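Beneath this line is the structure, given in structure tokens, with notes to follow.
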Protein chains: 2
Amino acid sequence: MATGPDTLPELHPVPGIRLGTVSAGIKTAGRRDLVLVEAAPGTRCAAVFTRNAFCAAPVTVAREHLAACAGQPRYLLVNTGNANAGTGQAGIDDARTCARAVAQQAAVEAAAVLPFSTGVIGEPLPVQPIVDALPAAYDALREDGWAAAAAGIMTTDTRPKGSSVRFECAGRHYTVTGIAKGAGMIRPNMATMLAYLATDAAVHADVLQAMLRRAVELSFNRITVDGDTSTNDACVLLATGAAGNAELARQEGALYAALSEALLAVCVDLATGLVRDGEGASKFVTVQVNGGASEQECLDVAFTIAHSPLVKTALFASDPNWGRVLAAIGRAGIDDLDVARVALFLNEVLIAEGGCRAASYSEEQGVAAMAPEDIVLRVELGRGDAAATVWTSDFSYDYVKINAEYRT
Amino acid sequence: MATGPDTLPELHPVPGIRLGTVSAGIKTAGRRDLVLVEAAPGTRCAAVFTRNAFCAAPVTVAREHLAACAGQPRYLLVNTGNANAGTGQAGIDDARTCARAVAQQAAVEAAAVLPFSTGVIGEPLPVQPIVDALPAAYDALREDGWAAAAAGIMTTDTRPKGSSVRFECAGRHYTVTGIAKGAGMIRPNMATMLAYLATDAAVHADVLQAMLRRAVELSFNRITVDGDTSTNDACVLLATGAAGNAELARQEGALYAALSEALLAVCVDLATGLVRDGEGASKFVTVQVNGGASEQECLDVAFTIAHSPLVKTALFASDPNWGRVLAAIGRAGIDDLDVARVALFLNEVLIAEGGCRAASYSEEQGVAAMAPEDIVLRVELGRGDAAATVWTSDFSYDYVKINAEYRT
């Protein structure tokens, strides 16, 4: 199951970036499971990795190589079907072997190759099939390879995710294009999520990293499917400079604003796309918390709601069970929460205020508001000006049967 | 579904306590949904309530009355079928009305009656049927009414939970008996959980409260089914003094030790019983974390594992997916966790160490270890002497289908 449209939008090529997607037969014969991304010389790279202490071998190696190549990698190698996680030193060696093979073929330093893996944890990476498939991947490199790559990085995803924005600034045209994969283990601080973004703008390394961090914070770190954080998450942003602008070296000005906005739009598009394709998702839920004393408490409330299995099963059942939402708000750990000031809206229908059902509310209104696939749960805390939004999906299937049939 | 034996053990009467269970027809005609508990004059009462900011009306009233009667209530009134939560001022009035009706019938102060409710949130409490059923409840009061009361407080529970311990100290015999209900919304800091405990020991109010807090901390606050905390939780401990001992006024000595031990045993028995009857439970899982630098970090690791839907679905599938457990440990937020020192045991089979699968481990061993209904997941952190244990159930049904068929 998944929500929303399942058509991939047009993904504009980014001058300086070529992508090749082929089958290495890692887990399933014939499955296109290997993606090679090539960046033109001089391309800057920013990256954000999982915070899981048990990070996968390719994460360790990619971090090392990114530092060793001074933030200017030439190739990204992504395999699905095997996460190369929980594989100890052998896994590190395997990731290095793959990176070296790419480097040899392309005549670059090994440190200029960043490896990424996603799939089963704890199985040895099948190195030889990957190495054997590299010549074909190299031959397949093309500027319009984004859509094939979006499909190539999928695991339990039911559809590819991509997003692309073009904008003009001071008479020059720019592109930001990205692809991502997700499905399970989706939650803040990166998940079983790989995202590859590129722009043709020329951007200083520090500015690029800051832009990526901000965009990830407001997109990928604000989604949750099942509360788990994976060992393999990575989000990479390449800036080729092929647009020919003077390098963007400060976090200010028209280009900075326009590029930040485009990058954030692409990231939010990809992140919400991950939620729409969350495992078992039948609803797309925006949890919007306003009127908090701080952004953090708004996030605490929003994530407590978004993680609650009882709320999520009610959403699946299209049951306007506002009591479960109030209960989630009440246990979010907000100091001195005055429940009398809290109001709850469901797709703009006021359903609860003052700690109980709104006088104006009828069950029919609630049922009607819950019917659409897209649901906005808005909480007004009534204690300040801060706000935060997170996106989540429902919990579907039989866990629901029990919770949907009995209203606790 | 539920795990373990479904027979209620013998529940020894507690001299000074009588219980009456009748049908008030609150939600389902004929269902025995109203329990009245009578405590002899002079009985001390300790209580722990939900920390949810949206606490239910009866919780507010019970707290008030407990203070107003100087910790010596004479009656507890418990209804199922309606939680009287999210009902605002009307709910408070309703809870007070019910308490007054009991008081009138029994010729005691209204403050000597503590009301409790569990069931649907957000619906008005049907006061009249409850009041009408009180004479029958009063007539039904009997010392051996524990088993009927255990059934009477059930909601989505599939079986009643009770536990009873007798012990001797300095030639005198004592009893601790308790009943509880749970099912969904089970997690630390009290849940959709009601528990009523009694002993015939004479205990000073402060000692009684301290004993209850400790016992709750090590039992009900160490279980989780779905991570939700309800608005109605309460755990009450009555001490009638009918055993005739000199009042236990200090947290020391043989009686203190024996009574604490008995109380903890009853609470752990009830708490694990709640997990065994968790909504959809097919496994009973003990998560034991040893070798931590502090008890808190052991609890953080244990609850991160116990809350992980990916771990819980693997448990349902009897899949020894140790990678998911390592991933949960890795995101528990432990500072400077050295993954090389972490070891993971599944029913005493070493499955992972040094950040990867143990050399001695075979998948067949893991499958065999996962087969029993009762699973012990033991984590050795290798960084200190602290330890903590929590209990949980699996996530069963179709959410599993997706996660069990693909090993992320």
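Residue numbers start at 1 in each chain; chains themselves are named A, B, ... in the order of the structure tokens; ligands are numbered from 1 in the order shown.
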| message | Give me the residues near range 345-355 of chain A as an MDAnalysis selection string, where near means some atom within 6 Å (using only C-alpha atoms) and where sequence neighbours in that chain fewer than 2 positions away do not count. | response | (chainID A and resid 339:343 357:358 361 369 376:378) or (chainID B and resid 86 88)
Write out the residues from the selection above, keeping C-alpha atoms, as a PDB file, in the first residue's frame.
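Saved result, out.pdb, follows:
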```pdb
ATOM      1  CA  VAL A 339      -4.919  21.120  28.937  1.00  0.00           C
ATOM      2  CA  ALA A 340      -7.697  23.707  29.073  1.00  0.00           C
ATOM      3  CA  ARG A 341      -5.834  25.732  26.395  1.00  0.00           C
ATOM      4  CA  VAL A 342      -5.206  22.856  24.008  1.00  0.00           C
ATOM      5  CA  ALA A 343      -7.277  22.606  20.841  1.00  0.00           C
ATOM      6  CA  ARG A 357     -14.891  17.208  22.881  1.00  0.00           C
ATOM      7  CA  ALA A 358     -15.722  20.560  21.291  1.00  0.00           C
ATOM      8  CA  TYR A 361     -18.284  18.850  17.095  1.00  0.00           C
ATOM      9  CA  ALA A 369     -12.864  14.717   8.075  1.00  0.00           C
ATOM     10  CA  VAL A 376      -3.901  17.077   8.768  1.00  0.00           C
ATOM     11  CA  LEU A 377      -3.905  16.820  12.556  1.00  0.00           C
ATOM     12  CA  ARG A 378      -3.410  20.317  13.944  1.00  0.00           C
TER      13      ARG A 378
ATOM     14  CA  GLY B  86     -11.716  13.813  27.919  1.00  0.00           C
ATOM     15  CA  GLY B  88     -14.166  18.054  31.046  1.00  0.00           C
TER      16      GLY B  88
END
```
| task | Run DSSP on the backbone and give me the residues of range 8-156 of chain B it puts in alpha helix (DSSP H), as an MDAnalysis selection string. | result | chainID B and resid 57:68 88:106 127:139 146:152
| task | Pull the strand (DSSP E) assignments for range 69-200 of chain B out of DSSP run on the backbone, and list those residues as JSON, numbers by chain. | result | {"B": [75, 76, 77, 78, 79, 113, 114, 115, 116, 117, 161, 162, 163, 164, 165, 166, 167, 168, 169, 172, 173, 174, 175, 176, 177, 178, 179, 180, 181, 194, 195, 196, 197, 198, 199]}
| message | Just checking: using only C-alpha atoms, which residue out of B:Ala170, B:Val37, B:Ala85, B:Ala47 ends up closest to Gly152 in chain B? | response | B:Val37
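Using only C-alpha atoms, the shortest contact distance between chain A and any of B:Ile92, B:Leu344, B:Val367, B:Ala328 is found at B:Ala328.
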| query | Do you know which residues are at most 8 Å from Ala271 in chain B counting only C-alpha atoms, after dropping those on the same chain fewer than 3 positions away, and could you put them as a ChimeraX atom specification? | reply | /B:219-220,223,267-268,274-275
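Comparing the minimum interatomic distances between chain A and each of B:Asn52, B:Thr177, B:Gln72, B:Gln104, counting only C-alpha atoms, we find that B:Asn52 sits nearest.
Nearest to chain A of all the residues B:Leu264, B:Cys55, B:Leu197, B:Ala387 is B:Cys55, counting only C-alpha atoms.
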